[in-house]
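A.B. asks: Enclosed is the structure file structure_23.cif (mmCIF, C-alpha atoms).
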```cif
data_upload
loop_
_atom_site.group_PDB
_atom_site.id
_atom_site.type_symbol
_atom_site.label_atom_id
_atom_site.label_comp_id
_atom_site.auth_asym_id
_atom_site.auth_seq_id
_atom_site.Cartn_x
_atom_site.Cartn_y
_atom_site.Cartn_z
ATOM 1 C CA MET N 1 -3.357 -22.390 5.164
ATOM 2 C CA LEU N 2 -1.519 -19.143 5.812
ATOM 3 C CA ALA N 3 -3.895 -18.322 8.615
ATOM 4 C CA LEU N 4 -1.977 -20.902 10.649
ATOM 5 C CA LEU N 5 0.697 -18.228 11.059
ATOM 6 C CA SER N 6 -1.811 -15.476 11.896
ATOM 7 C CA THR N 7 -0.353 -13.213 9.243
ATOM 8 C CA GLY N 8 -0.738 -12.140 5.642
ATOM 9 C CA LEU N 9 2.016 -13.151 3.262
ATOM 10 C CA LEU N 10 3.774 -11.138 0.735
ATOM 11 C CA GLY N 11 3.441 -11.162 -2.999
ATOM 12 C CA VAL N 12 4.733 -8.201 -4.989
ATOM 13 C CA CYS N 13 4.805 -6.273 -8.210
ATOM 14 C CA ALA N 14 6.793 -3.332 -9.435
ATOM 15 C CA SER N 15 7.404 -0.718 -12.077
ATOM 16 C CA VAL N 16 10.204 1.692 -12.917
ATOM 17 C CA ALA N 17 9.980 5.405 -12.285
ATOM 18 C CA GLN N 18 10.364 6.423 -15.919
ATOM 19 C CA GLU N 19 7.158 4.543 -16.832
ATOM 20 C CA ALA N 20 5.029 6.063 -14.096
ATOM 21 C CA GLU N 21 2.708 8.989 -14.611
ATOM 22 C CA LYS N 22 0.594 10.548 -11.886
ATOM 23 C CA GLY N 23 -2.717 8.750 -11.585
ATOM 24 C CA SER N 24 -1.516 5.802 -13.693
ATOM 25 C CA VAL N 25 -2.642 2.285 -12.778
ATOM 26 C CA GLU N 26 -1.263 -1.078 -13.909
ATOM 27 C CA LEU N 27 -3.370 -4.217 -13.415
ATOM 28 C CA TYR N 28 -2.168 -7.833 -13.482
ATOM 29 C CA ASP N 29 -3.830 -11.275 -13.410
ATOM 30 C CA GLY N 30 -2.273 -14.656 -12.746
ATOM 31 C CA THR N 31 -1.705 -17.476 -10.300
ATOM 32 C CA VAL N 32 0.082 -18.262 -7.056
ATOM 33 C CA GLU N 33 1.484 -21.715 -6.233
ATOM 34 C CA VAL N 34 2.770 -22.937 -2.873
ATOM 35 C CA GLU N 35 4.908 -25.903 -1.849
ATOM 36 C CA ILE N 36 5.460 -26.882 1.805
ATOM 37 C CA PHE N 37 8.754 -28.465 2.901
ATOM 38 C CA PRO N 38 9.593 -30.013 6.304
ATOM 39 C CA PRO N 39 12.742 -28.860 8.166
ATOM 40 C CA GLY N 40 15.965 -29.744 6.359
ATOM 41 C CA SER N 41 14.233 -31.474 3.439
ATOM 42 C CA ASP N 42 13.788 -30.682 -0.260
ATOM 43 C CA HIS N 43 10.900 -33.148 -0.600
ATOM 44 C CA ARG N 44 7.631 -31.281 -0.418
ATOM 45 C CA THR N 45 4.780 -32.539 1.710
ATOM 46 C CA ARG N 46 2.084 -30.458 0.049
ATOM 47 C CA PHE N 47 1.313 -28.479 -3.103
ATOM 48 C CA ASP N 48 -1.549 -26.067 -3.714
ATOM 49 C CA TRP N 49 -2.400 -23.089 -5.913
ATOM 50 C CA GLY N 50 -4.849 -20.261 -6.388
ATOM 51 C CA GLU N 51 -5.662 -17.157 -8.380
ATOM 52 C CA ALA N 52 -3.868 -13.836 -7.951
ATOM 53 C CA THR N 53 -4.280 -10.241 -9.089
ATOM 54 C CA ALA N 54 -2.042 -7.222 -8.590
ATOM 55 C CA SER N 55 -2.202 -3.474 -9.042
ATOM 56 C CA LEU N 56 0.336 -0.651 -9.174
ATOM 57 C CA ALA N 57 -1.075 2.813 -8.633
ATOM 58 C CA LEU N 58 0.967 6.005 -8.559
ATOM 59 C CA GLN N 59 -0.128 8.345 -5.760
ATOM 60 C CA ASP N 60 -0.344 12.122 -5.830
ATOM 61 C CA ASP N 61 2.674 12.331 -3.495
ATOM 62 C CA GLY N 62 4.835 10.319 -5.920
ATOM 63 C CA GLN N 63 4.691 7.037 -4.012
ATOM 64 C CA MET N 64 3.662 3.783 -5.665
ATOM 65 C CA ALA N 65 0.890 1.769 -3.968
ATOM 66 C CA VAL N 66 1.443 -1.942 -4.561
ATOM 67 C CA VAL N 67 -1.416 -4.348 -3.812
ATOM 68 C CA VAL N 68 -1.482 -8.099 -4.433
ATOM 69 C CA ASN N 69 -4.641 -10.113 -3.807
ATOM 70 C CA ALA N 70 -3.995 -13.865 -3.830
ATOM 71 C CA SER N 71 -6.225 -16.637 -2.494
ATOM 72 C CA ILE N 72 -5.251 -20.272 -1.918
ATOM 73 C CA GLU N 73 -7.476 -21.650 0.867
ATOM 74 C CA ASP N 74 -9.097 -18.490 2.212
ATOM 75 C CA GLU N 75 -9.945 -15.119 0.692
ATOM 76 C CA ASN N 76 -6.702 -13.163 0.151
ATOM 77 C CA ASP N 77 -4.640 -15.424 2.429
ATOM 78 C CA ALA N 78 -1.495 -14.899 0.322
ATOM 79 C CA GLY N 79 -1.758 -11.185 -0.472
ATOM 80 C CA PHE N 80 -0.117 -7.977 0.716
ATOM 81 C CA HIS N 81 0.087 -4.224 0.288
ATOM 82 C CA LEU N 82 2.849 -1.636 0.683
ATOM 83 C CA LEU N 83 4.037 1.781 -0.470
ATOM 84 C CA LEU N 84 7.270 2.318 -2.413
ATOM 85 C CA GLU N 85 9.168 5.510 -3.159
ATOM 86 C CA PRO N 86 11.396 6.373 -6.155
ATOM 87 C CA SER N 87 14.940 5.237 -5.379
ATOM 88 C CA GLY N 88 16.602 8.034 -7.344
ATOM 89 C CA ASP N 89 18.141 5.722 -9.953
ATOM 90 C CA GLY N 90 14.943 4.896 -11.839
ATOM 91 C CA GLY N 91 13.759 2.133 -9.525
ATOM 92 C CA TRP N 92 11.561 1.868 -6.439
ATOM 93 C CA GLN N 93 12.280 1.075 -2.809
ATOM 94 C CA GLY N 94 10.682 0.745 0.613
ATOM 95 C CA VAL N 95 12.430 0.487 3.965
ATOM 96 C CA THR N 96 10.747 0.323 7.385
ATOM 97 C CA GLU N 97 11.605 -1.233 10.741
ATOM 98 C CA GLU N 98 9.638 -4.310 9.699
ATOM 99 C CA TRP N 99 10.641 -4.854 6.062
ATOM 100 C CA THR N 100 12.795 -3.833 3.118
ATOM 101 C CA PHE N 101 11.845 -4.021 -0.534
ATOM 102 C CA ALA N 102 13.489 -2.856 -3.738
ATOM 103 C CA ILE N 103 12.944 -2.946 -7.489
ATOM 104 C CA SER N 104 15.943 -2.039 -9.599
ATOM 105 C CA PRO N 105 15.690 0.007 -12.829
ATOM 106 C CA GLU N 106 16.214 -3.285 -14.690
ATOM 107 C CA GLY N 107 13.250 -4.894 -12.915
ATOM 108 C CA LYS N 108 15.056 -7.060 -10.341
ATOM 109 C CA ILE N 109 12.946 -7.537 -7.206
ATOM 110 C CA SER N 110 14.414 -8.240 -3.765
ATOM 111 C CA GLY N 111 13.259 -7.938 -0.195
ATOM 112 C CA ASN N 112 12.930 -9.455 3.253
ATOM 113 C CA THR N 113 10.946 -9.160 6.439
ATOM 114 C CA GLN N 114 10.967 -10.858 9.814
ATOM 115 C CA SER N 115 8.396 -10.918 12.589
ATOM 116 C CA ILE N 116 7.454 -13.226 15.433
ATOM 117 C CA GLY N 117 7.116 -16.705 14.010
ATOM 118 C CA GLN N 118 8.353 -16.171 10.467
ATOM 119 C CA GLN N 119 11.056 -14.911 8.150
ATOM 120 C CA ILE N 120 10.384 -14.024 4.503
ATOM 121 C CA ASN N 121 12.904 -13.698 1.672
ATOM 122 C CA ILE N 122 11.859 -12.435 -1.746
ATOM 123 C CA ALA N 123 13.402 -12.560 -5.210
ATOM 124 C CA GLY N 124 11.880 -11.934 -8.605
ATOM 125 C CA ASN N 125 11.816 -10.044 -11.852
ATOM 126 C CA ARG N 126 9.530 -7.619 -13.632
ATOM 127 C CA THR N 127 9.398 -7.079 -17.392
ATOM 128 C CA PRO N 128 7.072 -4.655 -19.232
ATOM 129 C CA ASP N 129 4.411 -7.408 -19.488
ATOM 130 C CA GLU N 130 5.016 -9.825 -16.603
ATOM 131 C CA ILE N 131 5.939 -10.187 -12.950
ATOM 132 C CA GLU N 132 7.492 -13.377 -11.600
ATOM 133 C CA LEU N 133 8.136 -13.610 -7.882
ATOM 134 C CA ASP N 134 9.545 -16.290 -5.584
ATOM 135 C CA LEU N 135 8.838 -15.912 -1.880
ATOM 136 C CA ILE N 136 10.214 -18.213 0.820
ATOM 137 C CA LEU N 137 8.567 -18.139 4.243
ATOM 138 C CA THR N 138 10.450 -19.981 6.987
ATOM 139 C CA ILE N 139 8.855 -20.709 10.356
ATOM 140 C CA THR N 140 11.201 -19.507 13.112
ATOM 141 C CA ASP N 141 11.899 -20.901 16.570
ATOM 142 C CA ASP N 142 9.652 -18.308 18.231
ATOM 143 C CA ALA N 143 6.544 -19.372 16.288
ATOM 144 C CA VAL N 144 3.452 -19.791 18.433
ATOM 145 C CA GLU N 145 0.828 -22.365 17.383
ATOM 146 C CA ALA N 146 2.035 -22.342 13.776
ATOM 147 C CA GLY N 147 0.972 -25.956 13.260
ATOM 148 C CA LEU N 148 4.343 -26.909 11.756
ATOM 149 C CA PRO N 149 7.792 -27.312 13.354
ATOM 150 C CA PRO N 150 10.405 -24.515 13.195
ATOM 151 C CA ARG N 151 12.374 -24.267 9.926
ATOM 152 C CA SER N 152 9.473 -25.623 7.904
ATOM 153 C CA ARG N 153 9.286 -23.701 4.616
ATOM 154 C CA PHE N 154 6.495 -22.355 2.433
ATOM 155 C CA ALA N 155 7.725 -21.698 -1.121
ATOM 156 C CA PHE N 156 5.400 -19.382 -3.048
ATOM 157 C CA GLU N 157 5.624 -18.675 -6.773
ATOM 158 C CA TYR N 158 3.600 -15.767 -8.227
ATOM 159 C CA THR N 159 3.166 -15.534 -11.994
ATOM 160 C CA LEU N 160 1.328 -12.384 -13.093
ATOM 161 C CA ARG N 161 0.491 -11.081 -16.558
ATOM 162 C CA ARG N 162 -0.220 -7.409 -17.228
ATOM 163 C CA GLN N 163 -3.704 -6.729 -18.538
ATOM 164 C CA GLY N 164 -3.578 -5.363 -22.065
ATOM 165 C CA ALA N 165 -0.175 -6.876 -22.884
ATOM 166 C CA SER N 166 0.310 -7.003 -26.646
ATOM 167 C CA ASP N 167 0.376 -10.803 -26.967
ATOM 168 C CA ASP N 168 -2.325 -11.405 -24.378
ATOM 169 C CA SER N 169 -5.941 -12.071 -25.271
ATOM 170 C CA MET N 170 -7.029 -9.519 -22.695
ATOM 171 C CA THR N 171 -7.726 -5.958 -23.778
ATOM 172 C CA GLU N 172 -7.210 -2.641 -22.049
ATOM 173 C CA CYS N 173 -9.850 -1.684 -19.484
ATOM 174 C CA ALA N 174 -12.601 0.666 -20.618
ATOM 175 C CA ARG N 175 -12.102 2.432 -17.298
ATOM 176 C CA ILE N 176 -10.717 1.867 -13.805
ATOM 177 C CA GLY N 177 -12.959 1.529 -10.753
ATOM 178 C CA TRP N 178 -12.007 1.585 -7.065
ATOM 179 C CA ARG N 179 -13.330 -0.477 -4.131
ATOM 180 C CA MET N 180 -12.420 -1.050 -0.493
ATOM 181 C CA GLN N 181 -10.879 -4.442 0.240
ATOM 182 C CA ALA N 182 -9.288 -6.171 3.249
ATOM 183 C CA THR N 183 -5.615 -6.790 2.472
ATOM 184 C CA PRO N 184 -2.815 -8.240 4.663
ATOM 185 C CA ASN N 185 0.238 -6.167 5.536
ATOM 186 C CA LEU N 186 3.826 -7.382 5.432
ATOM 187 C CA TRP N 187 4.431 -7.608 9.168
ATOM 188 C CA GLY N 188 1.392 -9.658 10.173
ATOM 189 C CA GLY N 189 -1.486 -8.689 12.414
ATOM 190 C CA ALA N 190 -4.951 -7.585 11.384
ATOM 191 C CA MET N 191 -5.833 -6.849 7.767
ATOM 192 C CA ASP N 192 -6.132 -3.261 6.558
ATOM 193 C CA MET N 193 -9.059 -1.893 4.566
ATOM 194 C CA ILE N 194 -7.579 -0.117 1.548
ATOM 195 C CA SER N 195 -8.816 1.253 -1.777
ATOM 196 C CA VAL N 196 -7.943 -1.116 -4.630
ATOM 197 C CA PRO N 197 -8.299 -0.442 -8.386
ATOM 198 C CA TYR N 198 -10.041 -2.903 -10.690
ATOM 199 C CA CYS N 199 -10.771 -3.198 -14.385
ATOM 200 C CA ILE N 200 -14.182 -2.306 -15.815
ATOM 201 C CA GLY N 201 -14.728 -3.713 -19.300
ATOM 202 C CA GLU N 202 -16.746 -2.327 -22.155
ATOM 203 C CA GLU N 203 -20.417 -1.894 -21.206
#
```
Could you rewrite the structure in this file as structure tokens?
C.D. replies:
Amino acid sequence: MLALLSTGLLGVCASVAQEAEKGSVELYDGTVEVEIFPPGSDHRTRFDWGEATASLALQDDGQMAVVVNASIEDENDAGFHLLLEPSGDGGWQGVTEEWTFAISPEGKISGNTQSIGQQINIAGNRTPDEIELDLILTITDDAVEAGLPPRSRFAFEYTLRRQGASDDSMTECARIGWRMQATPNLWGGAMDMISVPYCIGEE
């Protein structure tokens, strides 16, 4: 589905600086849903969903690596990765020429990015146990072979639950492993091979 736009899409998760300790990792499981709307209409033409995971890993340099793996039609066709820095007020932020992203100390998530063929707007919220994210991708007039007319919209909803949350049936990981995985970036183009943490249960 998302391969029609020749780009990876953005899902996101966040933490606050006070909770982060060097080497700490947070893992999430959940789902992603997508609705497709034609230009100027609120009546969807398609609905689909898939599974999603996310990780937050504090780096030695103080940055937070955020990775979301989400698959609807193809492997990780609705995922993303990025690096955030402490914002100085207890939150996290990232600003490049291609995208902006911020998580407030209270857990409010906001961001946007624009590249050839698409514009993405992001809004969401993060609590100690959950991440909820709404992402709207709009096809722009300069889209090339997108398969849908300009101003068509993809509305994504990510619902992620932190592993080990107190009222969740899942338990804390026995240990954390790392593996290389192809993950889309926010501004489109080829996927990047990055190191992603995963949960290893009791053996």
A.B. asks: Compute the distance from (12.7, 4.7, -6.4) to each atom, counting all atoms listed in the file, keep the residues with any atom at most 9 Å away, and return them as a ChimeraX atom specification; use the coordinates of the file.
C.D. replies: /N:16-17,63,84-94,102-105
A.B. asks: In Å, rounded to a single decimal, give me how far atom CA of Ser41 of chain N is from atom CA of Thr138 of chain N.
C.D. replies: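 One can read the atom CA of Thr138 of chain N to atom CA of Ser41 of chain N distance as 12.6 Å.
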A.B. asks: Quick one: pull the distance between atom CA of Arg179 of chain N and atom CA of Ile120 of chain N, Å, one decimal.
C.D. replies: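 These two atoms are separated by 28.6 Å.
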A.B. asks: Once the PyMOL selection byres ((chain N and resi 131) around 7) is applied to the coordinates I shared, what remains selected? I want it as a VMD selection string.
C.D. replies: chain N and resid 13 125 to 127 130 132 to 133 159 to 161
A.B. asks: If I wrap all listed atoms of segment 88-98 of chain N in a box with edges along x, y and z and add 5 Å on each side, what are its centre and edge lengths in Å to one decimal, as JSON?
C.D. replies:
```
{"center_x": 13.9, "center_y": 1.9, "center_z": -0.5, "size_x": 18.5, "size_y": 22.3, "size_z": 32.6}
```
A.B. asks: Nearest to Gly30 of chain N: which of N:Tyr198, N:Phe154, N:Trp49, N:Trp99 is it, counting all atoms listed in the file?
C.D. replies: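 Comparing N:Tyr198, N:Phe154, N:Trp49, N:Trp99 against Gly30 of chain N, the winner is N:Trp49.
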A.B. asks: For each of N:Ala155, N:Ala143, N:Val196, N:Leu83, take the minimum atom-to-atom distance to Asp61 of chain N, counting all atoms listed in the file, then give the residue where this is smallest.
C.D. replies: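 Smallest distance to Asp61 of chain N is found for N:Leu83.
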A.B. asks: Which residue is closest to Met180 of chain N? Choose from N:Val67, N:Gly111, N:Glu33, N:Tyr158 and count only C-alpha atoms.
C.D. replies: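 When distances to Met180 of chain N are compared using only C-alpha atoms, the smallest one comes from N:Val67.
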A.B. asks: Apply the PyMOL selection byres ((chain N and resi 114) around 10) to the structure shown and report the selected residues as a list of chain:residue names.
C.D. replies: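 This file gives the following for the PyMOL selection byres ((chain N and resi 114) around 10): N:Glu97, N:Glu98, N:Trp99, N:Thr100, N:Asn112, N:Thr113, N:Ser115, N:Ile116, N:Gly117, N:Gln118, N:Gln119, N:Ile120, N:Asn121, N:Leu137, N:Thr138, N:Thr140, N:Leu186, N:Trp187, N:Gly188.
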A.B. asks: Just give me the gap between atom CA of Ile122 of chain N and atom CA of Ile176 of chain N in Å, one decimal is fine.
C.D. replies: 29.3 Å
A.B. asks: Hey, which of N:Gly40, N:Val32, N:Trp178, N:Asp141 ends up closest to Glu73 of chain N? Count all atoms listed in the file.
C.D. replies: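 Of all the options, N:Val32 lies closest to Glu73 of chain N.
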A.B. asks: Evaluated on this file, the PyMOL selection byres ((chain N and resi 25) around 6) picks out some residues - which ones are they, written as a PDB file with C-alpha atoms, in the frame of the given file?
C.D. replies:
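The resulting part_3.pdb:
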```
ATOM      1  CA  SER N  24      -1.516   5.802 -13.693  1.00  0.00           C
ATOM      2  CA  GLU N  26      -1.263  -1.078 -13.909  1.00  0.00           C
ATOM      3  CA  LEU N  56       0.336  -0.651  -9.174  1.00  0.00           C
ATOM      4  CA  ALA N  57      -1.075   2.813  -8.633  1.00  0.00           C
TER       5      ALA N  57
END
```
A.B. asks: Need to verify the contact set: Asp192 of chain N, 7 Å, all atoms listed in the file, exclusion of same-chain residues closer than 6 positions in sequence. Can you return it as a ChimeraX atom specification?
C.D. replies: /N:182-184
A.B. asks: Once you have the residues from the selection above, write them out as a PDB file, keeping the file's coordinate frame, restricted to C-alpha atoms.
C.D. replies:
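What landed in out-v8.pdb:
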```pdb
ATOM      1  CA  ALA N 182      -9.288  -6.171   3.249  1.00  0.00           C
ATOM      2  CA  THR N 183      -5.615  -6.790   2.472  1.00  0.00           C
ATOM      3  CA  PRO N 184      -2.815  -8.240   4.663  1.00  0.00           C
TER       4      PRO N 184
END
```
A.B. asks: Using all atoms listed in the file, find the one residue out of N:Phe80, N:Gly147, N:Gly177, N:Glu157 that sits nearest to Phe47 of chain N.
C.D. replies: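 Among N:Phe80, N:Gly147, N:Gly177, N:Glu157, it is N:Glu157 that comes nearest to Phe47 of chain N.
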A.B. asks: Under the rule that all atoms listed in the file are counted, which of N:Asp60, N:Asp48, N:Asp129, N:Asp74 is the nearest residue to Tyr28 of chain N?
C.D. replies: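 That would be N:Asp129, the residue with the smallest distance to Tyr28 of chain N.
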